Amino acid sequence: MAWNETLPDMVTPILHISVLLLAPPLLMGVINKTKAWAAGRRGPPLLQLYYDVFRLFRKDTVLSRTTTWVFRAGPVVGVTAVLLAGLLAPFGAFDAPLSFDGDLVLFAYLMGLARFFTAAAALDTGSAFEGMGAAREVSFASLAEVALFVAFVVLVRLSGSLSLTPMLHAPMTGAFHGLPAAALLLVGVALFVVLLAENARIPVDDPNTHLELTMIHEVMVLDHSGPLFGLVLYGASVKLLLFSSLLLHFALPFSFGAPLLDWALFGVGLLAVAIAVGVVESVMARLRLRHVPSLLIAASVLCAFGFFFTLA
Amino acid sequence: MRTRAETESRSIAIQASVTQTIWLDLSVAALVLTAASGVPGLALGRRSNAAQGLASLLVIAGALLGELAAIAVLGGAAIETRTLPGPLSELSLHLRLDPLAAFFLVPVYLLSVAGTLYGTRYWKQTEHPENGRALRLWYGVLVAALAAVVLAADGFAFLMAWEVMALAAFFLVTIEDDRAEVRQAGWVYLVATHAGTLALFALFALLWAVNGSLEFRPMASGAGTQGATSALFLLALVGFGFKAGIVPLHFWLPAAHANAPSHVSALMSGLLLKMGIYGLLRFFTLLPAPPPGVGMLMIAIGTFSAVYGVVFALGQHDLKRLLAYHSIENIGIIVMGMGLALVGVSAQQPAWVALGLAGCLLHVWNHSFFKGLLFLAAGSVIHGAGTREIDRLGGLGKPMSRTAALFAIGAVAICGLPPLNGFVSELLIYVGLFRAGADGASRQWSAAPLAAPLLAMVGALAVACFVKAYGTVFLGPHRSEGAARAHEVPRSMLVAMILLALPCVTIGVFPVLAMPALDRVVHAWVGAESQPPLLGQLIPWTPIMGMNAALVAGVLAASLILGRRFRRRVPVQTGTWDCGYVQPTAAMSYSASSFAQLLVDLYGWLLRPRAGHAIRTELFPSRQHFHTRVPEQVTEFVLAPLWASFRRALAPFRALQHGRVQLYLMYVLLTLCILVVLSFPIDEAFVRFLGWWGNGGVHGVE
Amino acid sequence: MNFSAANLLLIGVLLLNLFCLGTSRIRALIQAAALQGVVLGVMPLLIHGRVDWNTGLIALATVALKGNVIPGMLRRALREAQIKREIEPLIGLVPTMLLGALATLLSIAFASGLPLAPEHQNLLIVPASFSTVLTGFLLLTTRMKAITQAIGYLVLENGIFIFGLLLLDAMPFLVEIGVLLDLFVGIFVVSIIIHHINREFASLDTRRLASLKE
């Protein structure tokens, strides 16, 4: 076979993995920059998170005497699971490197595995702060999972397939009119809410505050330091990338046909999502904790409406 | 077109006449060995430890034989039916080892070996002289009865084995009958199991009337009206539901599991509940077709059970009660799979049947393994730290590191997280549910996939609950004296737990290993004329195993790199950051109730938690007491008021129960006289008597 | 078949019944019950008219048990409890006797109305059986002490045995022996219970047992 015919088969997965590994901190930078501009500040550089992660990897670690191996396993499993989940999610118009029937369940449950070990690591310190954050995280995640799975059910019904790649490409490849299109719109809105919830953004959590009354994700990782903390920050940004890429299939469901343009479209889309998140964070205040379940249940109900629309 | 009944009976007849294999003999031998395992102990006295070694040996020997037979039949050996003479000519005992039975035998014997190894140190004879021998006796009888239930091929043998199983479990639950809560738990269990057995008697009686015999052979397709099959289904659901712990028939479960010795709880949770599931599965092989709507009903019941179980587990402070409620949750998941298989039968979609049934069956195995492991680990915690209350434990991960690691394996498995075995069975059910809603399949089944988000919620709540349990028990500071003085458990207990952890890891990382057995049971269950697809065609296991391998490899690699990094630049050890408190105490750390508070409040409408006295706020607060608890709904809000109203209504009749023997005898005489008067023609006799009297008495008649 | 001898003995049994109802001395009661047992042990030989291994063995066993062993156990229980007399029964001794007589009359009347086989028509077996059963029942219900109630049970069993004489040809050996065993075990258990009642309440008055009810 000629050299340039085999290339596209290998290029897409390699590009996918590269984007998965390298792009996430940039998204965080865009969000922070957006928030700063909305507040009239200059804000940190776009590449700040890269600098932070490298700096942290060079630092020493301080461990609490109360902790066991679980504390060190938390960030490790968190990052590994999330990166592996990233192999299943399609970016833009391209196929994911790995796609098989039932991979949507694996995707969601790898996130669950990451959550289990992160929360366990939080409880390992024996501090009330981390316990609080872990309790909130797992509680809200139970409702966010429902919304995510109802969205999956709608997609499975519309696409007729059980793998993430064909499912998420359905808005692009299928011609949906009327009620199914409305269903997709509802699912998209709900997925945005899930993104905010799972990644600890306003209105669910405030990533900037360090007051324990308002923290969820930030406080769970309070005692991590050095490379472990670097892994935590990195893992959080990868999770944001994955949920943004899921959302993009609803926000920008078209393809140009040419690989270069499609990658560019994907990049632009990611930036748009990051800016949108930044805008939402600047415009809204954080919800009271007892109202967060209502928000998540509302997202699930929206998806359920979408499901009933597809039944018609 | 031959009916399923005819095909099935023909194939069984052919096989029985051709083959006279040893597998059924081995199973029966295994049964006898395990039943007899506790008997030598009765003769050997209270103070000797020799009997427990002998009992363990007998159980292990029996288990090896039994597992061999089960694996052979699962691998494709022929099925044999044996008939033994019974007490009456119409009632003879039939035994059969078919794939469904063999599938359930595998966890029976594995768990029994683990339990008996565990019991040699957990319930050492010299530490428990008054009830150690009884425990081992009934343990052996229970294991044998479990095997007998599965091998029984007719209603009579089934019911006999079922009763022996229920009673053996009762004696095991009440082994420490000097404690009031143990007696209470035992009574509630006894009432519940006998209520179920009553329904089963009715079921088999009706089955005899419809089918013509008590043997387990499929009914002819025309036999029995719609009403009869629906009645049969309801009786089976109630009867087996009591045993399996399907909500709302689950009320005996938490107390019984919490108060039994830990290896008995492992056996009950891992095996006893599954016999209810086995009964339901066997029942459905007898019906020509499931009644309409049954599949969706079972999915709904299963989902409700799962949500109920996990939500209630969140509110528990007692480690073993928490695990018991999780058993209710997992039985719910198993019933969901069964419902999906029934939907597939009704919709004539073999793929759904295969996925649902395989999910149901594999979850039966998986739950036995990881729940058994968790109960044994909980027992180790109790053994090491002395208490069951989660909020009084803490920091056990340091002194009991091996137990902590094994509990972690069990916790990750029960949450259904990859790469362990819970994920595989839940994946099968998920894929089946999604398929039921996927393509232009009929609208009738399109509500089925809505169970998938609820299953996801159950999974996430299980994560919450087990993070709470694991974190509060093994991590963090020591919250009490007992926790501070905890010690690791002896090696035999660790070996027993490892024995159960191995299948969790193996089936999780290499799911293909379980697929051939599942395929064989699915084919046997469905019957000969339908050909469900192989599981390997429905779900590609290779990429999943690849991901598992990548996960394990990635975590190991990262750990190695970090380990090297920490050896070069050793981390500094300090206290946990405590915001500058001068004297942080263990009471300041997040306890289990605090962890669960958000969710308990969210589900307060279902849980109805009760709190103790309100906190008094004074200038100089004195010592106060506060507690919260989540009551068991069905017992406290349904059964107890019902019972109280019965007592009130029947109170006037208490006057009849005065305790005087003479008057009781008079009641008997009175009844007898009434019966005589009713059945005897009194006026005739009176006339004859007068005539006799008039004729001068006895001698005058001649 | 020797009718008149059998009938005579049965009349003796009926008289013993009345005696049991009328006496308040417990030793006499035991003697009467023992005598009744011996008489009944001999009855099968009279009714059959022949002595072969089966009936001979059963007669011997019955006489030994009912005449010796069981009264012996009861006497031992009596010695332990150290009582001599029954306290005044519920309805008085004489009214009890009158009730017993009435019961006998009624059983005779009742028995004459039953469709018996021709060879049993003129035997007093059925009336004697019913009357003895009712006597035993009266003893059980009107007496207070546990030991008297045990004797009432003995008399009741005698009554059932009498009825069984009707089926002598049909009853297999095993059933006969089984009935004897049942009686033996029953009395054995009752004497143990009497011992415990005495120990617990320091008296054999069964009215005390009512305090055990929940």
# chains A, B, ... in the order shown; residues from 1 in each chain; ligands from 1
>>> residues_around(residues="range 182-187 of chain C", least_positions_apart="4", cutoff="12 Å", atoms="only C-alpha atoms", output="number ranges by chain")
C: 37, 61-62, 64-75, 77, 146-158, 160-161, 174-178, 191-194
>>> write_last_selection(atoms="N, CA and C atoms", output="tab-separated table (two decimals), in the first residue's frame")
chain	number	residue	atom	x	y	z
C	37	GLY	N	-55.93	-52.10	85.38
C	37	GLY	CA	-54.98	-52.46	84.33
C	37	GLY	C	-54.76	-53.96	84.25
C	61	ALA	N	-47.21	-58.43	79.07
C	61	ALA	CA	-46.62	-57.10	79.06
C	61	ALA	C	-47.57	-56.09	79.67
C	62	THR	N	-48.86	-56.22	79.32
C	62	THR	CA	-49.83	-55.27	79.86
C	62	THR	C	-49.92	-55.39	81.36
C	64	ALA	N	-47.76	-56.57	83.43
C	64	ALA	CA	-46.53	-56.11	84.08
C	64	ALA	C	-46.49	-54.58	84.12
C	65	LEU	N	-46.75	-53.95	82.96
C	65	LEU	CA	-46.65	-52.50	82.91
C	65	LEU	C	-47.73	-51.85	83.77
C	66	LYS	N	-48.97	-52.23	83.47
C	66	LYS	CA	-50.05	-51.49	84.13
C	66	LYS	C	-50.21	-51.89	85.57
C	67	GLY	N	-49.80	-53.10	85.89
C	67	GLY	CA	-49.98	-53.55	87.26
C	67	GLY	C	-48.81	-53.19	88.15
C	68	ASN	N	-47.62	-53.14	87.58
C	68	ASN	CA	-46.44	-52.95	88.42
C	68	ASN	C	-45.67	-51.69	88.13
C	69	VAL	N	-45.20	-51.62	86.88
C	69	VAL	CA	-44.22	-50.56	86.59
C	69	VAL	C	-44.83	-49.18	86.75
C	70	ILE	N	-45.97	-49.01	86.07
C	70	ILE	CA	-46.54	-47.66	86.10
C	70	ILE	C	-47.03	-47.26	87.48
C	71	PRO	N	-47.74	-48.13	88.20
C	71	PRO	CA	-48.09	-47.74	89.58
C	71	PRO	C	-46.85	-47.48	90.42
C	72	GLY	N	-45.78	-48.23	90.13
C	72	GLY	CA	-44.55	-48.00	90.88
C	72	GLY	C	-44.02	-46.60	90.65
C	73	MET	N	-44.01	-46.18	89.37
C	73	MET	CA	-43.51	-44.83	89.07
C	73	MET	C	-44.37	-43.79	89.77
C	74	LEU	N	-45.70	-44.04	89.73
C	74	LEU	CA	-46.58	-43.06	90.34
C	74	LEU	C	-46.37	-43.01	91.84
C	75	ARG	N	-46.17	-44.19	92.45
C	75	ARG	CA	-45.96	-44.20	93.92
C	75	ARG	C	-44.69	-43.46	94.27
C	77	ALA	N	-43.37	-40.97	92.59
C	77	ALA	CA	-43.63	-39.54	92.48
C	77	ALA	C	-44.40	-39.06	93.69
C	146	ALA	N	-51.60	-32.67	90.29
C	146	ALA	CA	-51.08	-33.16	89.03
C	146	ALA	C	-51.05	-34.69	89.00
C	147	ILE	N	-50.80	-35.31	90.16
C	147	ILE	CA	-50.65	-36.76	90.13
C	147	ILE	C	-51.99	-37.44	89.90
C	148	THR	N	-53.05	-36.83	90.45
C	148	THR	CA	-54.37	-37.40	90.19
C	148	THR	C	-54.72	-37.26	88.73
C	149	GLN	N	-54.29	-36.17	88.14
C	149	GLN	CA	-54.56	-36.00	86.73
C	149	GLN	C	-53.80	-37.04	85.91
C	150	ALA	N	-52.61	-37.40	86.38
C	150	ALA	CA	-51.87	-38.46	85.68
C	150	ALA	C	-52.64	-39.76	85.75
C	151	ILE	N	-53.23	-40.03	86.90
C	151	ILE	CA	-54.01	-41.26	87.02
C	151	ILE	C	-55.25	-41.19	86.15
C	152	GLY	N	-55.81	-39.99	86.05
C	152	GLY	CA	-56.95	-39.82	85.15
C	152	GLY	C	-56.55	-40.17	83.72
C	153	TYR	N	-55.37	-39.77	83.34
C	153	TYR	CA	-54.88	-40.09	82.01
C	153	TYR	C	-54.74	-41.59	81.84
C	154	LEU	N	-54.28	-42.24	82.89
C	154	LEU	CA	-54.13	-43.69	82.86
C	154	LEU	C	-55.47	-44.36	82.63
C	155	VAL	N	-56.47	-43.88	83.37
C	155	VAL	CA	-57.81	-44.47	83.23
C	155	VAL	C	-58.35	-44.21	81.82
C	156	LEU	N	-58.06	-43.03	81.31
C	156	LEU	CA	-58.50	-42.71	79.94
C	156	LEU	C	-57.90	-43.70	78.95
C	157	GLU	N	-56.64	-43.97	79.11
C	157	GLU	CA	-55.98	-44.91	78.21
C	157	GLU	C	-56.57	-46.31	78.36
C	158	ASN	N	-56.96	-46.65	79.59
C	158	ASN	CA	-57.61	-47.94	79.80
C	158	ASN	C	-58.88	-48.03	78.99
C	160	ILE	N	-59.58	-46.50	76.26
C	160	ILE	CA	-59.28	-46.68	74.85
C	160	ILE	C	-58.86	-48.12	74.58
C	161	PHE	N	-58.13	-48.69	75.52
C	161	PHE	CA	-57.70	-50.08	75.37
C	161	PHE	C	-58.91	-51.00	75.29
C	174	LEU	N	-47.59	-54.97	66.24
C	174	LEU	CA	-46.80	-53.76	66.42
C	174	LEU	C	-47.64	-52.64	67.02
C	175	VAL	N	-48.91	-52.57	66.59
C	175	VAL	CA	-49.74	-51.47	67.09
C	175	VAL	C	-50.00	-51.65	68.57
C	176	GLU	N	-50.26	-52.90	68.95
C	176	GLU	CA	-50.50	-53.14	70.38
C	176	GLU	C	-49.31	-52.72	71.22
C	177	ILE	N	-48.15	-53.20	70.78
C	177	ILE	CA	-46.95	-52.85	71.54
C	177	ILE	C	-46.74	-51.35	71.51
C	178	GLY	N	-47.07	-50.76	70.37
C	178	GLY	CA	-46.90	-49.32	70.26
C	178	GLY	C	-47.77	-48.58	71.25
C	191	SER	N	-44.39	-38.10	85.14
C	191	SER	CA	-43.77	-38.11	86.47
C	191	SER	C	-42.62	-37.11	86.55
C	192	ILE	N	-41.91	-36.95	85.44
C	192	ILE	CA	-40.85	-35.93	85.43
C	192	ILE	C	-41.46	-34.55	85.61
C	193	ILE	N	-42.58	-34.35	84.91
C	193	ILE	CA	-43.22	-33.04	85.00
C	193	ILE	C	-43.71	-32.79	86.42
C	194	ILE	N	-44.25	-33.84	87.02
C	194	ILE	CA	-44.74	-33.69	88.39
C	194	ILE	C	-43.60	-33.27	89.31
>>> interface_residues(of="chain A", to="chain B", cutoff="6 Å", atoms="only C-alpha atoms", output="ChimeraX atom specification")
/A:61-65,102,109,113,120,123-128,131,135,138,142,146,149-150,156-157,160
>>> write_last_selection(atoms="N, CA and C atoms", output="short mmCIF file (atom, residue, chain, number, x, y, z; two decimals), in the first residue's frame")
data_model
loop_
_atom_site.label_atom_id
_atom_site.label_comp_id
_atom_site.auth_asym_id
_atom_site.auth_seq_id
_atom_site.Cartn_x
_atom_site.Cartn_y
_atom_site.Cartn_z
N THR A 61 6.74 16.53 48.03
CA THR A 61 5.40 16.16 48.49
C THR A 61 5.34 16.20 50.00
N VAL A 62 4.23 16.65 50.52
CA VAL A 62 3.98 16.56 51.96
C VAL A 62 2.79 15.63 52.14
N LEU A 63 3.00 14.58 52.92
CA LEU A 63 1.91 13.63 53.15
C LEU A 63 1.47 13.70 54.60
N SER A 64 0.19 13.49 54.81
CA SER A 64 -0.31 13.49 56.18
C SER A 64 -0.06 12.14 56.81
N ARG A 65 0.17 12.15 58.11
CA ARG A 65 0.45 10.88 58.80
C ARG A 65 -0.76 9.97 58.83
N GLY A 102 -21.47 -0.98 23.72
CA GLY A 102 -21.44 -0.97 25.18
C GLY A 102 -20.36 -0.06 25.75
N TYR A 109 -18.65 4.52 33.66
CA TYR A 109 -18.17 3.84 34.85
C TYR A 109 -16.69 4.08 35.10
N LEU A 113 -15.16 5.23 38.56
CA LEU A 113 -13.98 4.69 39.24
C LEU A 113 -13.09 5.82 39.72
N ALA A 120 -12.39 8.54 48.13
CA ALA A 120 -11.75 7.76 49.18
C ALA A 120 -10.46 8.43 49.64
N LEU A 123 -11.33 11.09 52.03
CA LEU A 123 -11.64 10.63 53.38
C LEU A 123 -10.41 10.12 54.10
N ASP A 124 -9.38 9.79 53.34
CA ASP A 124 -8.19 9.22 53.94
C ASP A 124 -7.49 10.19 54.87
N THR A 125 -7.67 11.49 54.63
CA THR A 125 -6.93 12.44 55.45
C THR A 125 -7.56 12.59 56.82
N GLY A 126 -8.81 12.18 56.96
CA GLY A 126 -9.45 12.31 58.25
C GLY A 126 -9.82 13.73 58.60
N SER A 127 -9.84 14.59 57.62
CA SER A 127 -10.17 15.98 57.90
C SER A 127 -11.63 16.24 57.56
N ALA A 128 -12.24 17.10 58.32
CA ALA A 128 -13.65 17.38 58.07
C ALA A 128 -13.85 18.08 56.73
N GLY A 131 -13.85 15.53 53.97
CA GLY A 131 -15.05 14.71 54.09
C GLY A 131 -16.26 15.42 53.54
N ALA A 135 -18.43 14.14 50.41
CA ALA A 135 -19.85 13.83 50.56
C ALA A 135 -20.67 14.54 49.49
N VAL A 138 -20.00 13.01 45.83
CA VAL A 138 -20.67 11.75 45.47
C VAL A 138 -22.18 11.92 45.44
N SER A 142 -24.49 11.33 41.88
CA SER A 142 -25.53 10.32 41.66
C SER A 142 -26.63 10.90 40.79
N VAL A 146 -27.70 10.13 36.42
CA VAL A 146 -29.02 9.86 35.86
C VAL A 146 -29.21 10.68 34.58
N PHE A 149 -27.20 9.30 31.71
CA PHE A 149 -27.71 8.06 31.12
C PHE A 149 -29.01 8.26 30.37
N VAL A 150 -29.86 9.18 30.84
CA VAL A 150 -31.06 9.43 30.05
C VAL A 150 -30.66 10.01 28.70
N VAL A 156 -29.21 6.54 21.95
CA VAL A 156 -29.27 5.15 21.46
C VAL A 156 -30.51 4.97 20.62
N ARG A 157 -31.60 5.55 21.09
CA ARG A 157 -32.84 5.38 20.34
C ARG A 157 -32.76 6.07 18.98
N GLY A 160 -29.76 4.20 16.96
CA GLY A 160 -29.88 2.77 16.77
C GLY A 160 -28.59 2.02 17.04
#
>>> residues_around(residues="range 80-92 of chain A", least_positions_apart="5", cutoff="8 Å", atoms="only C-alpha atoms", output="PyMOL selection string")
(chain A and resi 16-17+20-21+97-99+103-104+106-107+110-111+113-114+164-165+168+235+238-239+242+245-246+248-249+262-263+265-266) or (chain B and resi 547+550-551+554-555)
>>> write_last_selection(atoms="C-alpha atoms", output="mmCIF file, in the first residue's frame")
data_model
loop_
_atom_site.group_PDB
_atom_site.id
_atom_site.type_symbol
_atom_site.label_atom_id
_atom_site.label_comp_id
_atom_site.auth_asym_id
_atom_site.auth_seq_id
_atom_site.Cartn_x
_atom_site.Cartn_y
_atom_site.Cartn_z
ATOM 1 C CA HIS A 16 -6.858 12.183 19.070
ATOM 2 C CA ILE A 17 -4.437 11.001 21.718
ATOM 3 C CA LEU A 20 -6.395 14.345 24.701
ATOM 4 C CA LEU A 21 -3.045 14.606 26.402
ATOM 5 C CA PRO A 97 -9.642 5.288 18.669
ATOM 6 C CA LEU A 98 -11.695 2.600 20.367
ATOM 7 C CA SER A 99 -15.330 1.970 19.634
ATOM 8 C CA ASP A 103 -18.553 1.470 25.434
ATOM 9 C CA LEU A 104 -20.881 4.181 26.699
ATOM 10 C CA LEU A 106 -17.552 1.812 30.213
ATOM 11 C CA PHE A 107 -17.111 5.551 29.681
ATOM 12 C CA LEU A 110 -14.537 4.802 34.310
ATOM 13 C CA MET A 111 -15.542 8.258 35.484
ATOM 14 C CA LEU A 113 -13.982 4.691 39.239
ATOM 15 C CA ALA A 114 -12.109 7.975 39.223
ATOM 16 C CA LEU A 164 -20.374 6.266 21.594
ATOM 17 C CA THR A 165 -18.924 7.118 18.196
ATOM 18 C CA LEU A 168 -22.654 11.025 19.073
ATOM 19 C CA GLY A 235 -7.127 15.114 35.546
ATOM 20 C CA VAL A 238 -9.047 16.259 30.979
ATOM 21 C CA LYS A 239 -12.513 15.603 32.387
ATOM 22 C CA LEU A 242 -14.185 15.064 27.561
ATOM 23 C CA SER A 245 -16.313 17.151 23.383
ATOM 24 C CA LEU A 246 -19.542 15.295 24.217
ATOM 25 C CA LEU A 248 -19.898 19.717 20.921
ATOM 26 C CA HIS A 249 -21.685 16.964 19.055
ATOM 27 C CA ASP A 262 -12.828 19.258 10.873
ATOM 28 C CA TRP A 263 -9.990 19.428 13.384
ATOM 29 C CA LEU A 265 -13.804 23.159 13.725
ATOM 30 C CA PHE A 266 -13.316 20.954 16.764
ATOM 31 C CA MET B 547 -9.149 -1.504 28.409
ATOM 32 C CA ALA B 550 -4.589 -0.822 30.054
ATOM 33 C CA LEU B 551 -6.193 0.408 33.263
ATOM 34 C CA GLY B 554 -1.488 2.316 33.646
ATOM 35 C CA VAL B 555 -2.134 2.428 37.349
#
>>> residues_around(residues="Ala61 in chain B", least_positions_apart="5", cutoff="9 Å", atoms="only C-alpha atoms", output="list of chain:residue names")
B:Ala30, B:Leu33, B:Thr34, B:Ser56, B:Gly66
>>> write_last_selection(atoms="N, CA and C atoms", output="compact mmCIF listing (two decimals), in the first residue's frame")
# COMPACT_ATOMS: atom_id res chain seq x y z
N ALA B 30 -21.20 -35.28 47.43
CA ALA B 30 -20.80 -33.99 48.00
C ALA B 30 -21.81 -33.53 49.03
N LEU B 33 -21.41 -35.53 52.21
CA LEU B 33 -20.21 -35.15 52.95
C LEU B 33 -20.41 -33.85 53.70
N THR B 34 -20.97 -32.84 53.02
CA THR B 34 -21.12 -31.56 53.70
C THR B 34 -22.15 -31.65 54.80
N SER B 56 -14.01 -28.83 58.62
CA SER B 56 -13.53 -28.11 57.44
C SER B 56 -13.08 -29.07 56.36
N GLY B 66 -18.32 -31.57 44.49
CA GLY B 66 -19.46 -30.85 43.96
C GLY B 66 -19.06 -29.90 42.84
>>> select_by_dssp(residues="range 220-381 of chain B", states="alpha helix (DSSP H)", output="ChimeraX atom specification")
/B:226-244,253-259,262-267,273-286,294-314,319-347,350-381
>>> closest_atom_pairs(of="chain C", to="chain B", cutoff="12 Å", atoms="only C-alpha atoms", output="Markdown table")
| residue | atom | partner | partner_atom | distance |
| --- | --- | --- | --- | --- |
| C:Ser4 | CA | B:His699 | CA | 11.4 |
| C:Asn7 | CA | B:Val698 | CA | 11.3 |
| C:Pro89 | CA | B:Gln662 | CA | 11.4 |
| C:Leu90 | CA | B:Gln662 | CA | 9.9 |
| C:Leu105 | CA | B:Phe689 | CA | 10.4 |
| C:Leu106 | CA | B:Phe689 | CA | 9.5 |
| C:Ser107 | CA | B:Phe689 | CA | 10.9 |
| C:Ile108 | CA | B:Phe689 | CA | 8.9 |
| C:Ala109 | CA | B:Phe689 | CA | 5.6 |
| C:Phe110 | CA | B:Ala685 | CA | 6.9 |
| C:Ala111 | CA | B:Ala685 | CA | 9.2 |
| C:Ser112 | CA | B:Phe689 | CA | 7.3 |
| C:Gly113 | CA | B:Ala685 | CA | 5.4 |
| C:Leu114 | CA | B:Ala685 | CA | 8.6 |
| C:Pro115 | CA | B:Ala685 | CA | 11.3 |
| C:Gln121 | CA | B:Val698 | CA | 9.6 |
| C:Asn122 | CA | B:Val698 | CA | 7.2 |
| C:Leu123 | CA | B:Val698 | CA | 9.3 |
| C:Leu124 | CA | B:Val698 | CA | 9.2 |
| C:Pro127 | CA | B:Val698 | CA | 11.4 |
| C:Val133 | CA | B:Leu669 | CA | 11.0 |
| C:Leu134 | CA | B:Leu669 | CA | 9.2 |
| C:Gly136 | CA | B:Leu665 | CA | 11.2 |
| C:Phe137 | CA | B:Leu665 | CA | 7.8 |
| C:Leu138 | CA | B:Met666 | CA | 9.2 |
| C:Leu139 | CA | B:Gln662 | CA | 9.5 |
| C:Leu140 | CA | B:Gln662 | CA | 6.5 |
| C:Thr141 | CA | B:Gln662 | CA | 4.2 |
| C:Thr142 | CA | B:Gln662 | CA | 6.8 |
| C:Arg143 | CA | B:Gln662 | CA | 8.1 |
| C:Met144 | CA | B:Gln662 | CA | 8.4 |
| C:Lys145 | CA | B:Gln662 | CA | 10.8 |
| C:Ala146 | CA | B:Val661 | CA | 10.1 |
| C:Gln149 | CA | B:Gln662 | CA | 9.3 |
| C:Gly152 | CA | B:Gln662 | CA | 11.6 |
| C:Tyr153 | CA | B:Leu665 | CA | 11.5 |
| C:Asp205 | CA | B:Arg660 | CA | 10.8 |
| C:Thr206 | CA | B:Val661 | CA | 7.5 |
| C:Arg207 | CA | B:Arg660 | CA | 6.2 |
| C:Arg208 | CA | B:Arg660 | CA | 8.6 |
| C:Leu209 | CA | B:Gly659 | CA | 6.7 |
| C:Ala210 | CA | B:Gly659 | CA | 4.2 |
| C:Ser211 | CA | B:Gly659 | CA | 7.3 |
| C:Leu212 | CA | B:Gly659 | CA | 7.2 |
| C:Lys213 | CA | B:Gly659 | CA | 5.5 |
| C:Glu214 | CA | B:Gly659 | CA | 8.8 |
